[in-house]
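K.L.:
Can you read through this structure? Questions will come right after.
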Amino acid sequence: MPLDDLVLRLQSLVDRLVRRLRLGPAPVPGRRRLLIVQIDGLSWSVLEEALADGRAPFLRWLLTQGRHRLAPMSVGLPSSTPAFQLAAMYGVRPDIPGFHYYDKRRRTDVYFPRGGDATRVETTQAAGRHGILHAGGAYGCVFTGGATSNLLTFARISRPSGAGALRAVSRFVVLGWVALKGCIISAIELTRAVLRLIADPVGESARGWRWLAIKIGISVWLRELFTMVVARDLYAGVGAIWVNYLDYDVFAHAYGPRHRRAFRALRRIDRSIHQLWRVLRRVPEHRYDLYVLSDHGQAACTPYLDLSGGRPIEQALFEDFFDPPSVRERPEPGGRGRRLAHGIAAYRTRRAPGLFQRFVNYLEQDFALVLGGVRHVRERHGIRVVSAGPNAFVYFLEPRAPVGIEWIEQRFPSLGEELSRSRGVGFVLVRSEAGPLCFWRGKRYRLDELHTGPFAGRQDLPRVVEGLRDLMAMTSAGDLVIYGTDAPQGHVSFVSEVGAHAGTSPEELHTFLIHPQAVELRAPIGHPVELYPLFVRYQREPA
Ligand SMILES: [Zn+2]
């Protein structure tokens, strides 16, 4: 893209001007620098397929040049972005059981796209640790990793940071260009959509215009914006950068991990990485090491609603297990009123979200709506159910600490057995005095017995066991953790999606790391915490 180059060169001029005015130091030559590109949601097996079929031509080229290597990586449980990023950015085993969960001690939900939640998790769980992105850039991430420059990073979403008015001007050059380019590509996409609508009115209008808006937002604007902002950082010699491309994950959730639209998104990301690579070659003096990795894969799944006749799991759990018939009431007429009330309360306590947060909330709410769902939470009789994907958490609210099977069975005898036999459920995890238990198809298994039941024949059984143990050691994991993974009906998700992650399937657990050959690495990587020493080394380089 010669025009992109022109814009970046113009910007570099502005940057030099900024430095001449002694507003910022020139980048130190000679220091090794870090660039991490995350392809959200891409499993090892889909990457292999894409490389073989020419759907990621740049990555394939990169791997045949002999200077980069492909290493397998297991990501642990839950297989989801926040858990992965906290572990890799700070080297800690996180207490993050899902993308949405309940914190019994604070008596509140943690839901990552919501303003403040990611920041609170990061400041409490990474306290005292040195983030791998200290003074660097984090784009499209859940956490900052210590970065001072953040764009659509959940933990900093309400106040995009970056110092100095003139630096803002410099950024403006890029933003202006991205805006122009985004408009042109959006116009093309819109024209295409109109043509498709004419050709196939039912199919396209079923997805609706909201879906189109999100698709354009994520696949065009964000990717372009991230690529240009990262390119700018590379020219400026920023010490450590992490950019997360979300497109593939979004399309895989909506259509499935091997759908042509998901592959097309991957192809676009591949092109963006190529663009960054060209910038890297122009600034060899900055000595960047390029890593490409994925935080988890996705498993093709069936939405629970398709199996339950439209009854969401949080409703089914109460009706079939937790509501004694005598106190059974009519289901609440949706959570809308409550959400509104909550929003007003947040406004009053001045926790009202900023502009960026509103934008993300809008995307998130619409995205959930497009996929046919609302955020799944239900609480009755002191029991709270939160479904977060292929995983749902049940919390008994009265005790402030997690309770085990002994406590549960006094109140609900043989609950684990019955739950694990119910439609659309794969397995159920519970704590016990003798360690975590896994209920599967109506029987209970200790973690050392899993090879005889739910995970018989799994080559990666030690990884699965480690993941389950880690998960149930998290204080915020539900007193019951219900997985739709490996149900008799196939993988099942409790939200409306056909690609899911957080679970134990090989596609979710196993991803990859592309790293410079010169970097010594103990492969395969067993857990993202092992990435931390690799990445934090760049912080210790003389600055
Ligand atoms: Zn996802």
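Numbering starts fresh at 1 for the residues of each chain in the structure tokens, the chains themselves are lettered A, B, ... in the order given, and ligands are numbered from 1 as they appear.
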What residues of the protein or nucleic acid chains come within 7 Å of ligand 1 when you use only C-alpha atoms and all ligand atoms? Reply as a PDB file with C-alpha atoms, in the first residue's frame.

P.N.:
```
ATOM      1  CA  GLY A  41      -9.348 -17.511  18.476  1.00  0.00           C
ATOM      2  CA  SER A  80     -10.343 -17.505  26.838  1.00  0.00           C
ATOM      3  CA  ASP A 249     -12.653 -14.819  16.506  1.00  0.00           C
ATOM      4  CA  VAL A 250     -15.759 -12.732  15.812  1.00  0.00           C
ATOM      5  CA  HIS A 253     -18.237 -17.358  16.838  1.00  0.00           C
ATOM      6  CA  ALA A 500     -17.268 -21.475  21.181  1.00  0.00           C
ATOM      7  CA  HIS A 501     -14.306 -21.438  23.523  1.00  0.00           C
TER       8      HIS A 501
END
```

K.L.:
Pick out the residues sitting within 6 Å of Ser420 (chain A), and hand them over as a list of chain:residue names; count only C-alpha atoms, and ignore anything fewer than 6 positions along from it in its own chain.

P.N.:
A:Phe427, A:Val428, A:Phe439, A:Trp440, A:Arg441, A:Gly442

K.L.:
I'd like the interatomic distance between CA of Arg400 (chain A) and CA of Ser476 (chain A), to a tenth of an Å.

P.N.:
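We find that CA of Arg400 (chain A) and CA of Ser476 (chain A) lie 10.6 Å from each other.
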
K.L.:
Kindly indicate which residue among A:Leu10, A:Val464, A:Ala138, A:Leu415 lies nearest to Ile241 (chain A), using only C-alpha atoms for the distances.

P.N.:
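Nearest candidate to Ile241 (chain A) out of A:Leu10, A:Val464, A:Ala138, A:Leu415: A:Ala138.
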
K.L.:
Excluding Ser308 (chain A) and residues on its chain fewer than 2 positions from it, collect all residues at most 12 Å away from it, counting only C-alpha atoms, and give them as a PDB file with C-alpha atoms, in the first residue's frame.

P.N.:
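Output below, filename out-v6.pdb:
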```pdb
ATOM      1  CA  THR A 302     -24.617 -26.192  18.764  1.00  0.00           C
ATOM      2  CA  PRO A 303     -26.434 -23.435  20.674  1.00  0.00           C
ATOM      3  CA  TYR A 304     -28.127 -24.833  23.777  1.00  0.00           C
ATOM      4  CA  LEU A 305     -31.379 -23.096  22.802  1.00  0.00           C
ATOM      5  CA  ASP A 306     -31.646 -25.362  19.753  1.00  0.00           C
ATOM      6  CA  GLY A 310     -35.737 -22.208  23.331  1.00  0.00           C
ATOM      7  CA  ARG A 311     -35.297 -22.473  27.102  1.00  0.00           C
ATOM      8  CA  PRO A 312     -31.989 -20.886  28.191  1.00  0.00           C
ATOM      9  CA  ILE A 313     -29.873 -22.952  30.590  1.00  0.00           C
ATOM     10  CA  GLU A 314     -30.325 -20.537  33.485  1.00  0.00           C
ATOM     11  CA  GLN A 315     -34.082 -21.036  33.173  1.00  0.00           C
ATOM     12  CA  ALA A 316     -33.787 -24.800  32.729  1.00  0.00           C
ATOM     13  CA  LEU A 317     -31.532 -25.123  35.782  1.00  0.00           C
ATOM     14  CA  SER A 422     -29.259 -33.601  31.414  1.00  0.00           C
ATOM     15  CA  ARG A 423     -29.626 -32.608  27.775  1.00  0.00           C
ATOM     16  CA  GLY A 424     -26.896 -30.446  26.288  1.00  0.00           C
ATOM     17  CA  VAL A 425     -24.531 -30.896  29.243  1.00  0.00           C
ATOM     18  CA  GLN A 489     -25.223 -33.909  21.211  1.00  0.00           C
ATOM     19  CA  VAL A 492     -22.832 -27.130  23.111  1.00  0.00           C
ATOM     20  CA  SER A 493     -22.681 -23.438  23.990  1.00  0.00           C
ATOM     21  CA  PHE A 494     -25.042 -21.817  26.486  1.00  0.00           C
TER      22      PHE A 494
END
```

K.L.:
Near Leu234 (chain A), within 9 Å and counting only C-alpha atoms, which residues show up once chain neighbours fewer than 3 positions away are dropped, as a list in words?

P.N.:
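Selected residues are Leu35, Val229, Val230, Ala231, Gly237, Val238, Gly239, Ile241, Leu276, Val279, Leu280, Val283, His286 and Tyr288 of chain A.
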
K.L.:
Identify all residues of region 29-160 of chain A in strand (DSSP E or B) (DSSP on the backbone) and supply them as a PyMOL selection string.

P.N.:
chain A and resi 33-39+68-74+100-103+108-111+137-139+149-151

K.L.:
Might you pull out every residue within 10 Å of region 139-147 of chain A, with only C-alpha atoms counted and same-chain residues fewer than 3 positions away left off, and present them as an NGL selection string?

P.N.:
:A and (37-38 or 40 or 81-86 or 88-90 or 112-113 or 118-119 or 121-123 or 126 or 129-136 or 150-157 or 161-162 or 222-223 or 225-227 or 229-230 or 240-246)

K.L.:
Could you name the residues that touch Pro72 (chain A) at 7 Å or less, counting only C-alpha atoms, but leaving out those on the same chain fewer than 5 positions away, as a ChimeraX atom specification?

P.N.:
/A:511-513,523-525

K.L.:
Choose the residue, out of A:Ala487, A:Ile96, A:Leu59, A:Leu77, that has the smallest atom-to-atom separation from Thr475 (chain A); count only C-alpha atoms.

P.N.:
A:Ile96

K.L.:
DSSP on the backbone, alpha helix (DSSP H) only: what residues of region 355-469 of chain A does that give? Format it as a VMD selection string.

P.N.:
chain A and resid 355 to 370 405 to 411 415 to 421 461 to 469

K.L.:
Counting only C-alpha atoms, which of A:Val92, A:Ile383, A:Leu461, A:Ile408 gets nearest to Ser505 (chain A)?

P.N.:
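Of the candidates, the smallest distance to Ser505 (chain A) is held by A:Leu461.
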
K.L.:
My list of candidates is A:Gln65, A:Ser45, A:Gln539, A:Ser74. Which is closest to Gly526 (chain A) when distances are computed with only C-alpha atoms?

P.N.:
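Distance minimum relative to Gly526 (chain A) lands on A:Ser74.
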
K.L.:
Which polymer residues have any atom within 8 Å of an atom of Ala87 (chain A), counting only C-alpha atoms, with same-chain residues fewer than 6 positions away left out, as an NGL selection string?

P.N.:
:A and (93-94 or 528-529 or 532)

K.L.:
Please, could you write that set of residues out with C-alpha atoms as a PDB file, in the first residue's frame?

P.N.:
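And here is the file that came out, selection21.pdb:
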```pdb
ATOM      1  CA  ARG A  93      -1.935 -18.099  37.167  1.00  0.00           C
ATOM      2  CA  PRO A  94      -5.046 -15.940  37.132  1.00  0.00           C
ATOM      3  CA  PRO A 528       0.774 -19.073  28.782  1.00  0.00           C
ATOM      4  CA  VAL A 529       2.645 -18.277  32.040  1.00  0.00           C
ATOM      5  CA  TYR A 532       6.207 -14.341  30.512  1.00  0.00           C
TER       6      TYR A 532
END
```
